[in-house]
Amino acid sequence: MTDSRSVEAVPARLLIFAPQAEQAMAQKITGILAAAAITVEWELVLDAQSALFRLANQPHGLLLMVAASDPAPALALWAGCRSKAADLLGVMFLGAPDAAVVRQVYHAGVSDVLLLSDSDDQLAHLLEQALRRAEHSQRVHWLNFKAEQDGFDLTLQPVAQSQAMRHALQLIHKVAPTPLPVLIAGETGTGKSVLARYIHLQSQRAARTFLTINCGALTPSLLESELFGHEKGAFTGANARRVGLLEVADGGTLFLDEINSAPMDLQVRLLQFIQEKRFLRVGGNQPINVDVRLIFASNKPLLDLVNLGQFREDLYYRINVFPVEIPPLRARVDDIPQIAAQTLLRACSQLNLPVKPCGPGVLEAVRCYPWPGNLRELDNVIQRGLIVSQGERVELADLPLEISVPARNAGSQLIATEAIHGFPWPLNARLDEVEHAWILHVLKACGGNRTHAARQLGIDPSTLWRKLKEV
Ligand SMILES: Nc1ncnc2c1ncn2[C@@H]1O[C@H](COP(=O)(O)OP(=O)(O)OP(=O)(O)O)[C@@H](O)[C@H]1O
Ligand SMILES: [Mg+2]
């Protein structure tokens with residue numbers, strides 16, 4: 001991938017669906033497209049079958065459905081074409097702003113609604129924005145980010161049974177509705193990208209655009225041009241004006257992943273944007289104002305990079321307004337059963353396999369393993385286990401050796417513990433977790449009598465009281 005090849009704009013092709021009854025509105029829209037000099041190849045079709053035929057035979061970025069008098073035909077077409085063209089963006093032109101219909105349209109996955117009551121200028125602006133988004137999604141496809149976006153599962157919900165993750169999620173719920181930037185820190189595979197989108201979905205911008213850019217995956221000049229856009233002729237290969245992600249995400253959220261990899265020059269431009277809320281396209285001289293909420297993720301401690309002179313201190317303080325540390329999986333052992341169950345169900349449906357439960361010892365083994373690759377590794381192990389398992393359950397033998405062998409070796413010890421107390425400790429459990437669980441176990445065995453439990457545990461009743469309050 002070279003810079004000059006990647007910066008060429010990918011024009012979005014527009015298909016306009018307007019049944020006979022909507023022809024007057026369709027003419028209004030094509031008039032607006034022409035008057036606003038929006039560069040787009042468009043085609044008008046009158047019936048759903050022709051629309052489906054066109055979509056099947058030529059890639060289109062945007063489907064504009066004119067539904068000023070009746071939304072039903074447009075909704076039926078949209079339902080029919082979504083499964084065939086997952087990249088397609090939909091815009092619906094409605095008559096009256098009926099809240100129930102607007103909700104239904106958004107619910108169906110249409111990204112924008114245009115209304116009869118909008119002025120020509122507003123319509124032109126909204127159409128141009130939708131086209132930019134369509135162009136962006138085609139570009140994303142082209143730049144090969146698509147795999148990551150496709151792998152993203154909107155149904156992934158954060159799991160927070162453990163105290164460490166409960167704390168992180170509480171912070172997330174507090175910051176999500178605010179306009180503040182968020183810095184998500186955590187080891188690789190801890191779910192930072194999933195949580196960035198979760199923050200967006202919990203914010204008032206949920207219905208607007210959410211875009212991701214990985215600062216570690218692009219060359220410095222491509223990264224700059226992707227973010228800020230560029231003017232025609234700004235550099236060799238810039239054959240057309242290109243709108244950057246900051247403009248495309250206007251009104252929504254931009255997630256800058258691996259911000260620790262951002263080159264110094266970009267850090268300067270980012271700082272300027274954060275302070276002034278406006279920027280210049282590369283080669284441009286007109287400041288552009290946008291309203292974008294920024295979320296950052298880093299898989300390295302940024303302060304260490306600041307101390308090494310690899311990250312600007314002033315930018316660090318600007319983005320570290322609300323840091324959230326996502327604990328590694330080994331520090332949230334209590335979350336493992338639910339994450340594993342969630343992952344298993346998801347994997348069964350993705351792989352089209354019947355749901356298989358886990359056999360004896362599997363969950364214990366999974367709890368005991370330290371998971372250096374965190375949730376991503378757990379996901380891979382479960383998918384692999386499902387694929388290799390022959391029987392009706394995923395067995396210990398279906399797990400990789402590094403997980404199953406230590407578990408087998410520890411097996412006799414775990415079973416013995418279980419036989420005596422009915423409570424096997426995971427080998428990597430934290431001391432305070434074990435202590436708390438043991439206190440509760442003894443307390444239960446003593447029928448809730450704290451004096452008896454304290455005596456049994458060899459501590460003062462006041463120490464027991466304090467320890468119970470601490471956790
Ligand atoms: N809540 C969850 N439930 C189940 N699986 C999850 C959850 N969150 C994340 N995962 C799994 O972990 C994988 C990695 O998540 P994600 O990409 O958000 O991690 P990350 O911290 O951004 O990683 P990296 O630092 O490498 O970018 C996901 O693809 C998914 O398989
Ligand atoms: Mg990530």
# chains A, B, ... in the order shown; residues from 1 in each chain; ligands from 1

$ residues_around --residues "stretch 452-462 of chain A" --least-positions-apart "2" --cutoff "10 Å" --atoms "only C-alpha atoms" --output "list in words"
Trp438, Ile439, Leu440, His441, Val442, Leu443, Lys444, Ala445, Cys446, Gly447, Gly448, Asn449, Arg450, Leu464, Trp465, Arg466, Lys467 and Leu468 of chain A

$ write_last_selection --atoms "C-alpha atoms" --output "compact mmCIF listing (two decimals), in the first residue's frame"
# COMPACT_ATOMS: atom_id res chain seq x y z
CA TRP A 438 -13.18 -18.28 52.56
CA ILE A 439 -14.59 -15.90 55.18
CA LEU A 440 -18.02 -16.11 53.58
CA HIS A 441 -17.73 -19.90 53.38
CA VAL A 442 -16.87 -20.25 57.07
CA LEU A 443 -19.53 -17.73 58.03
CA LYS A 444 -22.11 -19.75 56.14
CA ALA A 445 -20.88 -22.96 57.75
CA CYS A 446 -21.32 -21.27 61.16
CA GLY A 447 -24.92 -20.40 60.34
CA GLY A 448 -24.06 -16.69 60.01
CA ASN A 449 -22.78 -16.45 63.60
CA ARG A 450 -19.89 -13.97 63.40
CA LEU A 464 -13.86 -10.19 60.81
CA TRP A 465 -16.32 -7.28 60.78
CA ARG A 466 -13.71 -5.01 59.16
CA LYS A 467 -12.76 -7.60 56.54
CA LEU A 468 -16.39 -8.14 55.63

$ residues_near_ligand --ligand "ligand 2" --cutoff "9 Å" --atoms "only C-alpha atoms and all ligand atoms" --output "mmCIF file with N, CA and C atoms, in the first residue's frame"
data_model
loop_
_atom_site.group_PDB
_atom_site.id
_atom_site.type_symbol
_atom_site.label_atom_id
_atom_site.label_comp_id
_atom_site.auth_asym_id
_atom_site.auth_seq_id
_atom_site.Cartn_x
_atom_site.Cartn_y
_atom_site.Cartn_z
ATOM 1 N N THR A 188 -3.313 -5.679 25.367
ATOM 2 C CA THR A 188 -3.953 -6.064 24.112
ATOM 3 C C THR A 188 -5.021 -7.149 24.355
ATOM 4 N N GLY A 189 -6.134 -7.003 23.648
ATOM 5 C CA GLY A 189 -7.195 -8.010 23.733
ATOM 6 C C GLY A 189 -8.085 -7.906 24.957
ATOM 7 N N THR A 190 -7.990 -6.806 25.711
ATOM 8 C CA THR A 190 -8.829 -6.699 26.922
ATOM 9 C C THR A 190 -10.228 -6.184 26.602
ATOM 10 N N GLY A 191 -10.466 -5.803 25.342
ATOM 11 C CA GLY A 191 -11.803 -5.354 24.960
ATOM 12 C C GLY A 191 -11.907 -3.838 24.844
ATOM 13 N N LYS A 192 -10.776 -3.163 24.611
ATOM 14 C CA LYS A 192 -10.806 -1.693 24.548
ATOM 15 C C LYS A 192 -11.674 -1.206 23.384
ATOM 16 N N SER A 193 -11.528 -1.851 22.228
ATOM 17 C CA SER A 193 -12.306 -1.396 21.067
ATOM 18 C C SER A 193 -13.798 -1.636 21.298
ATOM 19 N N VAL A 194 -14.118 -2.778 21.899
ATOM 20 C CA VAL A 194 -15.523 -3.073 22.194
ATOM 21 C C VAL A 194 -16.069 -2.008 23.146
ATOM 22 N N ALA A 196 -14.949 1.061 23.569
ATOM 23 C CA ALA A 196 -15.027 2.391 22.928
ATOM 24 C C ALA A 196 -16.376 2.530 22.234
ATOM 25 N N ASN A 214 -6.918 3.365 13.296
ATOM 26 C CA ASN A 214 -5.844 2.761 14.067
ATOM 27 C C ASN A 214 -4.545 3.493 13.753
ATOM 28 N N ASP A 257 -7.529 4.525 17.909
ATOM 29 C CA ASP A 257 -6.959 3.345 18.546
ATOM 30 C C ASP A 257 -5.429 3.421 18.473
ATOM 31 N N GLU A 258 -4.769 2.791 19.421
ATOM 32 C CA GLU A 258 -3.297 2.791 19.487
ATOM 33 C C GLU A 258 -2.726 4.199 19.350
ATOM 34 N N ALA A 297 -7.449 4.909 22.679
ATOM 35 C CA ALA A 297 -7.027 3.686 23.371
ATOM 36 C C ALA A 297 -5.526 3.561 23.245
ATOM 37 N N SER A 298 -4.938 3.049 24.306
ATOM 38 C CA SER A 298 -3.493 2.837 24.279
ATOM 39 C C SER A 298 -3.192 1.488 24.911
ATOM 40 N N ASN A 299 -2.316 0.720 24.262
ATOM 41 C CA ASN A 299 -1.953 -0.552 24.895
ATOM 42 C C ASN A 299 -0.578 -0.468 25.543
#

$ residues_near_ligand --ligand "ligand 1" --cutoff "10 Å" --atoms "only C-alpha atoms and all ligand atoms" --output "compact mmCIF listing (two decimals) with C-alpha atoms, in the first residue's frame"
# COMPACT_ATOMS: atom_id res chain seq x y z
CA GLU A 148 -11.70 -5.56 11.69
CA GLN A 149 -15.01 -3.74 11.29
CA GLY A 151 -15.47 -8.90 12.95
CA PHE A 152 -17.11 -6.41 15.25
CA ASP A 153 -20.11 -7.81 16.97
CA THR A 155 -24.13 -7.77 20.51
CA LEU A 156 -20.94 -7.96 22.63
CA GLN A 157 -21.84 -6.67 26.05
CA PRO A 158 -19.28 -5.81 28.71
CA VAL A 159 -19.13 -8.43 31.47
CA ALA A 160 -18.47 -7.10 34.96
CA ILE A 184 -9.03 3.60 27.51
CA ALA A 185 -5.88 1.85 28.65
CA GLY A 186 -5.28 -1.85 28.91
CA GLU A 187 -3.30 -4.78 27.59
CA THR A 188 -3.95 -6.06 24.11
CA GLY A 189 -7.19 -8.01 23.73
CA THR A 190 -8.83 -6.70 26.92
CA GLY A 191 -11.80 -5.35 24.96
CA LYS A 192 -10.81 -1.69 24.55
CA SER A 193 -12.31 -1.40 21.07
CA VAL A 194 -15.52 -3.07 22.19
CA LEU A 195 -15.73 -0.65 25.12
CA ALA A 196 -15.03 2.39 22.93
CA ARG A 197 -18.06 1.55 20.84
CA TYR A 198 -20.03 0.79 24.00
CA ASN A 214 -5.84 2.76 14.07
CA ASP A 257 -6.96 3.34 18.55
CA GLU A 258 -3.30 2.79 19.49
CA ALA A 297 -7.03 3.69 23.37
CA SER A 298 -3.49 2.84 24.28
CA ASN A 299 -1.95 -0.55 24.89
CA LYS A 300 1.16 0.99 26.44
CA ILE A 326 -9.35 -2.09 31.66
CA PRO A 328 -6.39 -7.92 32.20
CA ASP A 335 -15.87 -12.65 34.69
CA ILE A 336 -14.49 -15.69 32.89
CA GLN A 338 -19.90 -15.42 31.73
CA ILE A 339 -17.51 -14.27 29.01
CA ALA A 340 -16.84 -17.91 28.10
CA ALA A 341 -20.57 -18.68 27.94
CA GLN A 342 -21.23 -15.54 25.85
CA THR A 343 -18.36 -16.40 23.52
CA LEU A 344 -19.46 -20.03 23.21
CA ARG A 346 -21.72 -16.50 19.72
CA ALA A 347 -19.20 -18.89 18.22
CA GLY A 373 -3.86 -12.59 25.09
CA ASN A 374 -6.85 -11.71 27.27
CA LEU A 375 -10.41 -11.86 25.86
CA ARG A 376 -9.20 -12.27 22.30
CA GLU A 377 -7.25 -15.38 23.26
CA LEU A 378 -10.24 -16.76 25.19
CA ASP A 379 -12.38 -16.19 22.11
CA ASN A 380 -9.89 -18.05 19.90
CA GLN A 383 -13.74 -21.30 18.79

$ residues_around --residues "A:Arg332" --least-positions-apart "2" --cutoff "8 Å" --atoms "only C-alpha atoms" --output "ChimeraX atom specification"
/A:162-165,327-330,334-336

$ atom_distance --atom1 "atom CA of A:Glu135" --atom2 "atom CA of A:Leu75"
23.0 Å

$ residues_around --residues "stretch 394-400 of chain A" --least-positions-apart "5" --cutoff "9 Å" --atoms "only C-alpha atoms" --output "PyMOL selection string"
chain A and resi 356-363+365+381-382+384-389+405+407-408

$ closest_residue --among "A:His436, A:Arg208, A:Arg318, A:Arg13" --to "A:Val110" --atoms "only C-alpha atoms"
A:Arg208

$ closest_residue --among "A:Leu401, A:Leu280, A:Ala68, A:Val324" --to "A:Leu171" --atoms "only C-alpha atoms"
A:Val324

$ select_by_dssp --residues "stretch 86-145 of chain A" --states "strand (DSSP E)" --output "PyMOL selection string"
chain A and resi 89-94+112-115

$ write_last_selection --atoms "N, CA and C atoms" --output "PDB file, in the first residue's frame"
ATOM      1  N   LEU A  89     -25.191   1.991   2.411  1.00  0.00           N
ATOM      2  CA  LEU A  89     -25.807   2.907   3.370  1.00  0.00           C
ATOM      3  C   LEU A  89     -27.175   3.301   2.826  1.00  0.00           C
ATOM      4  N   GLY A  90     -28.117   3.477   3.707  1.00  0.00           N
ATOM      5  CA  GLY A  90     -29.462   3.852   3.278  1.00  0.00           C
ATOM      6  C   GLY A  90     -29.860   5.214   3.812  1.00  0.00           C
ATOM      7  N   VAL A  91     -30.508   6.002   2.959  1.00  0.00           N
ATOM      8  CA  VAL A  91     -31.060   7.289   3.382  1.00  0.00           C
ATOM      9  C   VAL A  91     -32.520   7.281   2.949  1.00  0.00           C
ATOM     10  N   MET A  92     -33.413   7.716   3.844  1.00  0.00           N
ATOM     11  CA  MET A  92     -34.819   7.711   3.463  1.00  0.00           C
ATOM     12  C   MET A  92     -35.390   9.121   3.506  1.00  0.00           C
ATOM     13  N   PHE A  93     -36.095   9.445   2.444  1.00  0.00           N
ATOM     14  CA  PHE A  93     -36.721  10.764   2.352  1.00  0.00           C
ATOM     15  C   PHE A  93     -38.184  10.600   2.741  1.00  0.00           C
ATOM     16  N   LEU A  94     -38.575  11.183   3.880  1.00  0.00           N
ATOM     17  CA  LEU A  94     -39.934  10.991   4.386  1.00  0.00           C
ATOM     18  C   LEU A  94     -40.756  12.265   4.239  1.00  0.00           C
ATOM     19  N   ASP A 112     -29.729   7.717   7.668  1.00  0.00           N
ATOM     20  CA  ASP A 112     -30.167   9.111   7.702  1.00  0.00           C
ATOM     21  C   ASP A 112     -31.605   9.233   7.236  1.00  0.00           C
ATOM     22  N   VAL A 113     -32.300  10.224   7.799  1.00  0.00           N
ATOM     23  CA  VAL A 113     -33.654  10.515   7.352  1.00  0.00           C
ATOM     24  C   VAL A 113     -33.679  11.960   6.851  1.00  0.00           C
ATOM     25  N   LEU A 114     -34.198  12.153   5.650  1.00  0.00           N
ATOM     26  CA  LEU A 114     -34.394  13.509   5.129  1.00  0.00           C
ATOM     27  C   LEU A 114     -35.895  13.792   5.191  1.00  0.00           C
ATOM     28  N   LEU A 115     -36.259  15.033   5.461  1.00  0.00           N
ATOM     29  CA  LEU A 115     -37.678  15.347   5.601  1.00  0.00           C
ATOM     30  C   LEU A 115     -38.105  16.399   4.597  1.00  0.00           C
TER      31      LEU A 115
END

$ atom_distance --atom1 "atom CA of A:Ile403" --atom2 "atom CA of A:Tyr369"
6.0 Å

$ residues_around --residues "A:Leu271" --least-positions-apart "2" --cutoff "9 Å" --atoms "only C-alpha atoms" --output "number ranges by chain"
A: 266-269, 273-276, 314-315, 318-319
